[in-house]
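S.K.: Shown below is the structure under consideration.
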Amino acid sequence: MTRRENSLPGLRILTGGVARLWLVALLVGCWEISTRIKQDAYFPPPSTIVRVFHELWFSGPATHLFLTDKALDDFAPSFVNLFCGWALAAVVGLALGVLLGRSRVAREILDPVLQFGRSVPPPTLIPFFIVVFDFGAQMQISTIAFGVIWPVLHNTADGVSTVDKLQLETAEVFGITGAARLRRIILPAAAPKIFAGLRVSLGFALILMVISELIGSTTGIGAHLISSQQGMELPEMWAGILLLGILGCLFNAVFVLVERRLLSWHSSARGLDA
């Protein structure tokens with residue numbers, strides 16, 4: 001293979017990145033020009049937002065990975081609440097999803113209650129969680145967990161209930177039953193749908209993290225947003241919005257990489273089937 005052929009994948013990646021980002025660059029450029037012309041205090045230019053974004057969270061010393069003290073104060077509680085709530089929802093949603101997917105009786109008994117719970121908007125339960133847990137991490141984690149459990153639960157139940165019967169019958173012939181069948185046949189077959197539910201729920205978790213921190217919280221990214229709004233520090237508020245957008249893209253990209261790595265066998269199997 002020649003040097004030119006070796007460089008082709010990198011060139012394709014670079015070309016693909018430019019092709020995807022040109023619209024973003026165009027929109028940002030138009031935003032910068034229009035806000036410079038209009039001079040509206042409520043809509044600062046992107047250059048100002050990026051400068052404030054850097055000063056607030058990423059202008060610290062290199063020994064701290066350039067994170068400022070404010071970044072540590074904001075990121076730590078937000079990320080702990082987000083991932084604890086998401087992990088709790090993932091465990092409970094996976095367990096209930098397997099139960100509903102494999103048991104018709106459990107599905108008939110629990111489905112009406114679960115359908116009702118899914119229909120309740122999670123932010124409306126924040127007052128209830130405040131009464132039960134008071135203000136703090138427990139209230140925020142509960143809000144996140146309740147809101148993000150549904151994609152995991154229903155995707156798991158759907159994936160488990162639609163496992164190919166031929167696979168189950170073959171496993172039974174070879175004496176693979178009970179927990180072994182669940183671990184070796186059912187969960188691997190349902191894994192693509194389970195991961196799809198986890199991916200969707202992670203995006204919801206980021207949204208609910210912010211919503212739960214808007215009420216009665218003094219730390220976290222959501223608390224930064226509400227305090228900036230109340231203090232009319234609008235560039236700082238927009239910097240928080242920019243931070244959330246970047247975090248959403250970053251979480252999604254990392255999850256996709258992990259999903260592709262863990263489900264590489266599934267892609268290979270589909271390629272062989274094709």
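In the structure tokens, chains take letters A, B, ... by order of appearance, with residues numbered from 1 within each chain and ligands from 1 in the order shown.
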Please run DSSP on the backbone and report, as a ChimeraX atom specification, all residues within region 106-264 of chain A that come out as alpha helix (DSSP H).

M.R.: /A:106-119,126-133,137-161,165-173,178-181,187-213,221-230,234-262,264

S.K.: For region 160-216 of chain A against region 130-148 of chain A, with a cut-off of 10 Å and counting only C-alpha atoms, what is the closest atom pair and its distance in Å to one decimal for every residue that makes the cut, ordered by chain and number, as a Markdown table?

M.R.:
| residue | atom | partner | partner_atom | distance |
| --- | --- | --- | --- | --- |
| A:Gly197 | CA | A:Val148 | CA | 9.2 |
| A:Leu198 | CA | A:Val148 | CA | 8.6 |
| A:Val200 | CA | A:Val148 | CA | 8.3 |
| A:Ser201 | CA | A:Val148 | CA | 4.9 |
| A:Leu202 | CA | A:Val148 | CA | 7.4 |
| A:Gly203 | CA | A:Val148 | CA | 8.7 |
| A:Phe204 | CA | A:Val148 | CA | 6.0 |
| A:Ala205 | CA | A:Ile144 | CA | 5.6 |
| A:Leu206 | CA | A:Ile144 | CA | 8.4 |
| A:Ile207 | CA | A:Ile144 | CA | 8.6 |
| A:Leu208 | CA | A:Ile144 | CA | 5.4 |
| A:Met209 | CA | A:Ile144 | CA | 6.3 |
| A:Val210 | CA | A:Gln140 | CA | 9.2 |
| A:Ile211 | CA | A:Gln140 | CA | 8.8 |
| A:Ser212 | CA | A:Gln140 | CA | 5.2 |
| A:Glu213 | CA | A:Gln140 | CA | 7.0 |
| A:Ile215 | CA | A:Phe135 | CA | 8.3 |
| A:Gly216 | CA | A:Phe135 | CA | 6.2 |

S.K.: Set the distance at 9 Å and use only C-alpha atoms: which residues neighbour region 35-46 of chain A once local chain neighbours fewer than 4 positions away are removed? I'd like the list as a list in words.

M.R.: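 The residues that qualify are Val28, Gly29, Cys30, Trp31, Val50, Arg51, Met232, Leu234, Pro235 and Trp238 of chain A.
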
S.K.: Just all heavy atoms for this one: save the residues we selected as a short mmCIF file (atom, residue, chain, number, x, y, z; two decimals), in the first residue's frame.

M.R.:
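Result file is again_21.cif:
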data_model
loop_
_atom_site.label_atom_id
_atom_site.label_comp_id
_atom_site.auth_asym_id
_atom_site.auth_seq_id
_atom_site.Cartn_x
_atom_site.Cartn_y
_atom_site.Cartn_z
N VAL A 28 -22.97 30.66 12.47
CA VAL A 28 -22.24 31.42 13.49
C VAL A 28 -21.74 32.74 12.92
O VAL A 28 -21.81 33.79 13.59
CB VAL A 28 -21.06 30.59 14.03
CG1 VAL A 28 -20.16 31.45 14.93
CG2 VAL A 28 -21.57 29.39 14.81
N GLY A 29 -21.25 32.71 11.68
CA GLY A 29 -20.81 33.95 11.05
C GLY A 29 -21.94 34.96 10.89
O GLY A 29 -21.77 36.16 11.17
N CYS A 30 -23.10 34.48 10.46
CA CYS A 30 -24.26 35.38 10.33
C CYS A 30 -24.69 35.91 11.68
O CYS A 30 -25.05 37.10 11.81
CB CYS A 30 -25.42 34.63 9.67
SG CYS A 30 -25.14 34.17 7.95
N TRP A 31 -24.64 35.08 12.70
CA TRP A 31 -24.99 35.51 14.05
C TRP A 31 -24.02 36.59 14.53
O TRP A 31 -24.44 37.61 15.08
CB TRP A 31 -24.97 34.29 14.97
CG TRP A 31 -25.37 34.56 16.40
CD1 TRP A 31 -25.80 35.74 16.94
CD2 TRP A 31 -25.39 33.62 17.47
NE1 TRP A 31 -26.08 35.60 18.27
CE2 TRP A 31 -25.84 34.30 18.62
CE3 TRP A 31 -25.07 32.27 17.56
CZ2 TRP A 31 -25.96 33.66 19.87
CZ3 TRP A 31 -25.20 31.64 18.78
CH2 TRP A 31 -25.64 32.33 19.93
N VAL A 50 -17.96 32.85 23.54
CA VAL A 50 -16.83 31.92 23.61
C VAL A 50 -15.77 32.43 24.57
O VAL A 50 -15.19 31.65 25.34
CB VAL A 50 -16.24 31.70 22.20
CG1 VAL A 50 -14.93 30.91 22.29
CG2 VAL A 50 -17.23 30.98 21.31
N ARG A 51 -15.51 33.73 24.56
CA ARG A 51 -14.52 34.31 25.49
C ARG A 51 -14.95 34.11 26.94
O ARG A 51 -14.17 33.68 27.78
CB ARG A 51 -14.33 35.79 25.19
CG ARG A 51 -13.38 36.50 26.16
CD ARG A 51 -13.21 37.96 25.81
NE ARG A 51 -14.49 38.65 25.75
CZ ARG A 51 -15.15 39.08 26.84
NH1 ARG A 51 -14.66 38.86 28.05
NH2 ARG A 51 -16.30 39.72 26.70
N MET A 232 -28.84 39.20 35.34
CA MET A 232 -28.72 39.85 34.04
C MET A 232 -27.31 39.77 33.48
O MET A 232 -26.86 40.65 32.76
CB MET A 232 -29.17 41.31 34.12
CG MET A 232 -30.66 41.49 34.40
SD MET A 232 -31.70 40.73 33.12
CE MET A 232 -31.33 41.81 31.72
N LEU A 234 -25.93 38.17 30.96
CA LEU A 234 -26.39 37.41 29.81
C LEU A 234 -25.28 36.67 29.06
O LEU A 234 -25.51 35.55 28.59
CB LEU A 234 -27.16 38.33 28.87
CG LEU A 234 -28.41 38.95 29.51
CD1 LEU A 234 -29.11 39.88 28.54
CD2 LEU A 234 -29.36 37.87 29.98
N PRO A 235 -24.09 37.23 28.89
CA PRO A 235 -23.02 36.43 28.26
C PRO A 235 -22.72 35.15 29.04
O PRO A 235 -22.46 34.10 28.43
CB PRO A 235 -21.83 37.38 28.24
CG PRO A 235 -22.44 38.75 28.23
CD PRO A 235 -23.65 38.64 29.09
N TRP A 238 -25.52 32.66 28.24
CA TRP A 238 -25.32 32.06 26.92
C TRP A 238 -24.14 31.09 26.93
O TRP A 238 -24.15 30.07 26.23
CB TRP A 238 -25.11 33.15 25.87
CG TRP A 238 -26.37 33.79 25.41
CD1 TRP A 238 -26.90 34.99 25.83
CD2 TRP A 238 -27.30 33.27 24.46
NE1 TRP A 238 -28.08 35.24 25.18
CE2 TRP A 238 -28.35 34.21 24.33
CE3 TRP A 238 -27.34 32.11 23.69
CZ2 TRP A 238 -29.42 34.01 23.47
CZ3 TRP A 238 -28.40 31.91 22.83
CH2 TRP A 238 -29.43 32.85 22.73
#

S.K.: Would you compute the distance between CA of Leu96 (chain A) and CA of Asp158 (chain A)? Give it in Å to one decimal.

M.R.: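 Computing the Euclidean distance for CA of Leu96 (chain A) and CA of Asp158 (chain A) yields 11.5 Å.
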
S.K.: Would you please work out which residue, of A:Ala191, A:Thr124, A:Leu65, A:Arg199, is nearest to Leu257 (chain A) when using only C-alpha atoms?

M.R.: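 Ranking A:Ala191, A:Thr124, A:Leu65, A:Arg199 by distance to Leu257 (chain A), first place goes to A:Arg199.
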
S.K.: Would you compute the distance between CA of Arg184 (chain A) and CA of Leu99 (chain A)? Give it in Å to one decimal.

M.R.: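 Going from CA of Arg184 (chain A) over to CA of Leu99 (chain A) covers 16.5 Å.
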
S.K.: For Leu247 (chain A), which residue among A:Leu168, A:Ile186, A:Leu23, A:Leu82 is the nearest when counting only C-alpha atoms?

M.R.: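 Checking each candidate against Leu247 (chain A), we get A:Leu82 as the closest.
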
S.K.: Using Å and a single decimal, report how far CA of Val91 (chain A) sits from CA of Thr170 (chain A).

M.R.: 28.5 Å

S.K.: Could you check which of A:Arg104, A:Phe75, A:Leu214, A:Pro112 is closest to Ser228 (chain A), using only C-alpha atoms?

M.R.: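 Nearest to Ser228 (chain A): A:Leu214.
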
S.K.: Do you know which residues are at most 10 Å from Ile241 (chain A) counting only C-alpha atoms, after dropping those on the same chain fewer than 3 positions away, and could you put them as a ChimeraX atom specification?

M.R.: /A:49,53,221-222,225,235-238,244-247

S.K.: So that I have them on file, write out the residues from the current selection with C-alpha atoms, as a PDB file, in the first residue's frame.

M.R.:
ATOM      1  CA  ILE A  49     -19.872  34.053  24.426  1.00  0.00           C
ATOM      2  CA  PHE A  53     -17.080  30.426  28.207  1.00  0.00           C
ATOM      3  CA  ILE A 221     -24.704  24.067  35.601  1.00  0.00           C
ATOM      4  CA  GLY A 222     -28.448  24.633  36.015  1.00  0.00           C
ATOM      5  CA  LEU A 225     -27.935  29.406  34.316  1.00  0.00           C
ATOM      6  CA  PRO A 235     -23.023  36.428  28.259  1.00  0.00           C
ATOM      7  CA  GLU A 236     -22.542  34.019  31.174  1.00  0.00           C
ATOM      8  CA  MET A 237     -26.032  32.619  30.625  1.00  0.00           C
ATOM      9  CA  TRP A 238     -25.324  32.061  26.919  1.00  0.00           C
ATOM     10  CA  LEU A 244     -24.777  22.226  27.556  1.00  0.00           C
ATOM     11  CA  GLY A 245     -24.796  21.923  23.777  1.00  0.00           C
ATOM     12  CA  ILE A 246     -21.161  20.830  23.735  1.00  0.00           C
ATOM     13  CA  LEU A 247     -21.753  18.336  26.547  1.00  0.00           C
TER      14      LEU A 247
END
